[in-house]
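*Asks:* The structure follows.
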Amino acid sequence: MQFSGTKRKKLSLAGDQRSAHYPHSLQFYLQPPSENISLLEFENLAIERLKLLKIVENLGVSYVKGSDQYQSKLETEIRKLKFSFRESSEDEFDARRRDHISHFILRLAYCQSEDLRRWFIQQEMDLFRFRFSILPSDKVQGFLKDSHLQFETLSDEEKQLRSQDIIDSSAPLSGNKYELDAVYKVPFADALDLFRGRKVYLEHGFAFVPHQDIVSIILNDFRAKLSKALALTARSLPSVQSDERLQPLLNHLSHSYVGQDYNAQGNMGKISLDQLDSLAVKSFPLCMRQLHKALREHHHLRHGGRMQYGLFLKGIGLTLEQALQFWKLEFIKGKVDTDKFDKGYAYNIRHSYGKEGKRTDYTPFSCMKIILTNPPSQGDYHGCPFRHSDPELLKQRLQSSKISQTGINQILDYVKGTHYQLACQKFFDLTHNVEDGLFSLNHPNQYFLESQKLLTGGREVKKEPSQSEVPQTKQSVQKTANSASFPTASLDSTLEMDMEGLEGYFSE
């Protein structure tokens, strides 16, 4: 696959050629794309694929995989993003082409570490499982052949001969379903997962697998091939990263967040400094509670903590003047005098608000950025408590938040499974006494907004006058009072991509 800055030569096929190029709505991605595409299309396809995988992840934890609700919602979201998913008489060439190219782009971004590879493989497997589940039975053999999976199908006579043994050995399988579905004769070594679960009939070194269970064997092969491909991609990554057009984009994609940026904008000035302590207890996520507590106790945070917490405060509505006042009042309680603060720290605060340097208006860190970048070292308080804290220390913090032992165990189970955002969302549900799945958590500022919506009945945070703050003019107060309320966060809104950060890579 080659990239150009302006024009691209699109693969031009017609009629049977188009069908032959992508014969099925799913594939093993055995051959990389070979056409030329523009950098803009490269970027757009990567973002769309990432949105799709995020949806797969979110739905997988909100619903039982394979359930009617899960299938229906995933199909709806795939339709919106215009990716292939179902065999049909309609021309699906463009959708399948998007699927093919976008998969290989994200391979480049997600081959860079074990954590990234594990996440990518899991979401791709769940997407593959969904597509295979709706593949018509008369298309299965063709797909297996095109994917170089030669499983022998039992004849009707062989099926009848072994019918009772196969039905008794397999997962719940009715006689009627057995008669209608195909049964595959698979080498024993390919069916080890089914064998471990005692879900398959074995005879003379072969496993006899009903159609309903063949997906587990195909998924194992898919996982093995994709894992090997990602390892090979990682080896060749230095040559790709030498292309200055692609390196920043690939690095950004692997840590990118495809939701709302939660920049303050109209919310500026809606929070008073006197409210911070109470808001920290009621509406801050655990990562920001940790930073707030450390700052109050030690009167200092290192650079990583100041960036993470400072941008969060900016996102919930602290103005530049409030931020300067807040950090200064806290730091001078420690070992930093006024002169040192003005010379050494004030510049960085103004810089984060876009008032110094390149005038970049920085946005708050997303959960993914906090989890995957700049891990804390000794003496640091930034990062994600669910990802970076010792399990015993995390347990103590959860107990101090008055969470029940059952709730703590649920959170720790998520942590053990590396589902850190789900652990944080469970923390939200338990501390706010709400049912699971009200929203899909992707951002600390989203946590704050959703908390305030619950606690205030959907109203804005009401600003309380603060005697310690710099007085505001009547005009600015009036403007604040009339500005828009906090934006709500839902599954749809969190999947709206902020293109500004990525487009910047190609506009310089």
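Residue numbers start at 1 in each chain; chains themselves are named A, B, ... in the order of the structure tokens; ligands are numbered from 1 in the order shown.
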Set the distance at 9 Å and use only C-alpha atoms: which residues neighbour A:Leu26 once local chain neighbours fewer than 5 positions away are removed? I'd like the list as a VMD selection string.

*Replies:* chain A and resid 84 to 87 96 99 128 131 to 132 135 143

*Asks:* Find the residues near A:Ile370: any atom within 6 Å, counting only C-alpha atoms, skip ones fewer than 3 places away on the same chain, and give them as JSON, numbers by chain.

*Replies:* {"A": [367, 373, 383]}

*Asks:* Might you pull out every residue within 6 Å of stretch 111-117 of chain A, with only C-alpha atoms counted and same-chain residues fewer than 3 positions away left off, and present them as an MDAnalysis selection string?

*Replies:* chainID A and resid 107:108 120 230 234

*Asks:* Quick one: write out the picked residues with N, CA and C atoms as a PDB file, in the first residue's frame?

*Replies:*
```pdb
ATOM      1  N   ARG A 107      -3.215  -2.164  12.010  1.00  0.00           N
ATOM      2  CA  ARG A 107      -2.124  -3.089  12.344  1.00  0.00           C
ATOM      3  C   ARG A 107      -0.831  -2.312  12.586  1.00  0.00           C
ATOM      4  N   LEU A 108      -0.584  -1.328  11.737  1.00  0.00           N
ATOM      5  CA  LEU A 108       0.631  -0.525  11.882  1.00  0.00           C
ATOM      6  C   LEU A 108       0.642   0.233  13.205  1.00  0.00           C
ATOM      7  N   PHE A 120      -6.163  -5.003  20.275  1.00  0.00           N
ATOM      8  CA  PHE A 120      -6.538  -5.044  18.867  1.00  0.00           C
ATOM      9  C   PHE A 120      -7.037  -6.437  18.468  1.00  0.00           C
ATOM     10  N   LEU A 230       0.981  -9.402  13.406  1.00  0.00           N
ATOM     11  CA  LEU A 230       1.324  -8.206  14.179  1.00  0.00           C
ATOM     12  C   LEU A 230       2.785  -8.233  14.614  1.00  0.00           C
ATOM     13  N   ALA A 234       5.536  -5.494  13.530  1.00  0.00           N
ATOM     14  CA  ALA A 234       6.351  -4.758  14.506  1.00  0.00           C
ATOM     15  C   ALA A 234       7.823  -4.748  14.103  1.00  0.00           C
TER      16      ALA A 234
END
```

*Asks:* Can you list, as a VMD selection string, every protein, DNA or RNA residue that comes within 12 Å of A:Leu301 when you count only C-alpha atoms, leaving out same-chain residues fewer than 5 positions away?

*Replies:* chain A and resid 290 to 296 306 to 310 327 330 to 331 334 to 336 345 376 379 to 382

*Asks:* Write out as a count of residues only each polymer residue whose atoms come within 12 Å of A:Ile134, counting only C-alpha atoms; drop sequence neighbours fewer than 5 positions from it.

*Replies:* 21

*Asks:* Give the helix (DSSP H, G or I) residues of stretch 126-353 of chain A, as assigned by DSSP on the backbone, as a VMD selection string.

*Replies:* chain A and resid 126 to 133 137 to 146 156 to 161 163 to 169 175 to 180 188 to 196 211 to 241 247 to 254 265 to 267 273 to 283 286 to 298 303 to 316 320 to 331 338 to 344 346 to 352

*Asks:* List the neighbours of stretch 397-411 of chain A out to 7 Å using only C-alpha atoms; skip same-chain residues closer than 2 positions along the sequence, and give me the result as an MDAnalysis selection string.

*Replies:* chainID A and resid 393:395 413:415 423 426 430

*Asks:* Residues of the last selection are to be written out with N, CA, C and O atoms, as a PDB file, in the first residue's frame.

*Replies:*
```pdb
ATOM      1  N   LEU A 393      -3.235  -1.305  47.728  1.00  0.00           N
ATOM      2  CA  LEU A 393      -3.446   0.125  47.896  1.00  0.00           C
ATOM      3  C   LEU A 393      -4.762   0.553  47.251  1.00  0.00           C
ATOM      4  O   LEU A 393      -5.518   1.354  47.815  1.00  0.00           O
ATOM      5  N   LEU A 394      -5.054  -0.005  46.089  1.00  0.00           N
ATOM      6  CA  LEU A 394      -6.318   0.288  45.416  1.00  0.00           C
ATOM      7  C   LEU A 394      -7.493  -0.166  46.273  1.00  0.00           C
ATOM      8  O   LEU A 394      -8.499   0.548  46.397  1.00  0.00           O
ATOM      9  N   LYS A 395      -7.366  -1.333  46.877  1.00  0.00           N
ATOM     10  CA  LYS A 395      -8.434  -1.856  47.732  1.00  0.00           C
ATOM     11  C   LYS A 395      -8.695  -0.916  48.904  1.00  0.00           C
ATOM     12  O   LYS A 395      -9.852  -0.645  49.255  1.00  0.00           O
ATOM     13  N   ASP A 413     -11.990  -7.532  39.948  1.00  0.00           N
ATOM     14  CA  ASP A 413     -12.090  -8.516  38.862  1.00  0.00           C
ATOM     15  C   ASP A 413     -11.879  -7.844  37.513  1.00  0.00           C
ATOM     16  O   ASP A 413     -11.213  -8.392  36.625  1.00  0.00           O
ATOM     17  N   TYR A 414     -12.475  -6.651  37.344  1.00  0.00           N
ATOM     18  CA  TYR A 414     -12.250  -5.899  36.111  1.00  0.00           C
ATOM     19  C   TYR A 414     -10.775  -5.543  35.955  1.00  0.00           C
ATOM     20  O   TYR A 414     -10.206  -5.622  34.865  1.00  0.00           O
ATOM     21  N   VAL A 415     -10.142  -5.141  37.058  1.00  0.00           N
ATOM     22  CA  VAL A 415      -8.730  -4.763  37.015  1.00  0.00           C
ATOM     23  C   VAL A 415      -7.868  -5.955  36.620  1.00  0.00           C
ATOM     24  O   VAL A 415      -6.955  -5.831  35.786  1.00  0.00           O
ATOM     25  N   ALA A 423     -13.645  -0.830  35.248  1.00  0.00           N
ATOM     26  CA  ALA A 423     -13.487  -0.744  36.699  1.00  0.00           C
ATOM     27  C   ALA A 423     -13.874   0.650  37.184  1.00  0.00           C
ATOM     28  O   ALA A 423     -14.560   0.794  38.211  1.00  0.00           O
ATOM     29  N   LYS A 426     -17.595   1.038  37.002  1.00  0.00           N
ATOM     30  CA  LYS A 426     -18.232   0.352  38.127  1.00  0.00           C
ATOM     31  C   LYS A 426     -18.103   1.187  39.399  1.00  0.00           C
ATOM     32  O   LYS A 426     -19.042   1.249  40.217  1.00  0.00           O
ATOM     33  N   LEU A 430     -21.280   2.450  41.649  1.00  0.00           N
ATOM     34  CA  LEU A 430     -21.406   2.134  43.075  1.00  0.00           C
ATOM     35  C   LEU A 430     -21.432   3.391  43.936  1.00  0.00           C
ATOM     36  O   LEU A 430     -22.158   3.452  44.926  1.00  0.00           O
TER      37      LEU A 430
END
```

*Asks:* Residues of stretch 194-378 of chain A classed as strand (DSSP E or B) by DSSP on the backbone are to be reported as a list in words.

*Replies:* Tyr201, Leu202, Glu203, Phe206, Ala207, Phe208, Val209 and Pro210 of chain A

*Asks:* Extract, using only C-alpha atoms, all DNA, RNA and protein residues at most 12 Å from A:Leu372, discarding same-chain residues fewer than 6 positions from it, and format them as a PyMOL selection string.

*Replies:* chain A and resi 112-116+119+251-257+365-366+383-384+387-388+418+420-421

*Asks:* Counting only C-alpha atoms, which residues of stretch 37-149 of chain A sit at most 12 Å from some atom of stretch 432-443 of chain A, and what is each one's closest atom pair with its distance in Å to one decimal, listed by chain and rising residue number, as CSV?

*Replies:*
```
residue,atom,partner,partner_atom,distance
A:Lys54,CA,A:Asn442,CA,10.0
A:Ile55,CA,A:Ser440,CA,9.8
A:Val56,CA,A:Ser440,CA,12.0
A:Glu57,CA,A:Ser440,CA,10.1
A:Asn58,CA,A:Ser440,CA,6.7
A:Leu59,CA,A:Ser440,CA,9.1
A:Gly60,CA,A:Ser440,CA,11.3
A:Val61,CA,A:Gly437,CA,8.8
A:Ser62,CA,A:Gly437,CA,6.1
A:Tyr63,CA,A:Gly437,CA,9.2
```

*Asks:* Ranking A:Pro391, A:Leu219, A:Asp190, A:His100 by minimum distance to A:Phe130 and counting only C-alpha atoms, which one comes first?

*Replies:*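 Ranked by minimum distance to A:Phe130, first place goes to A:Leu219.
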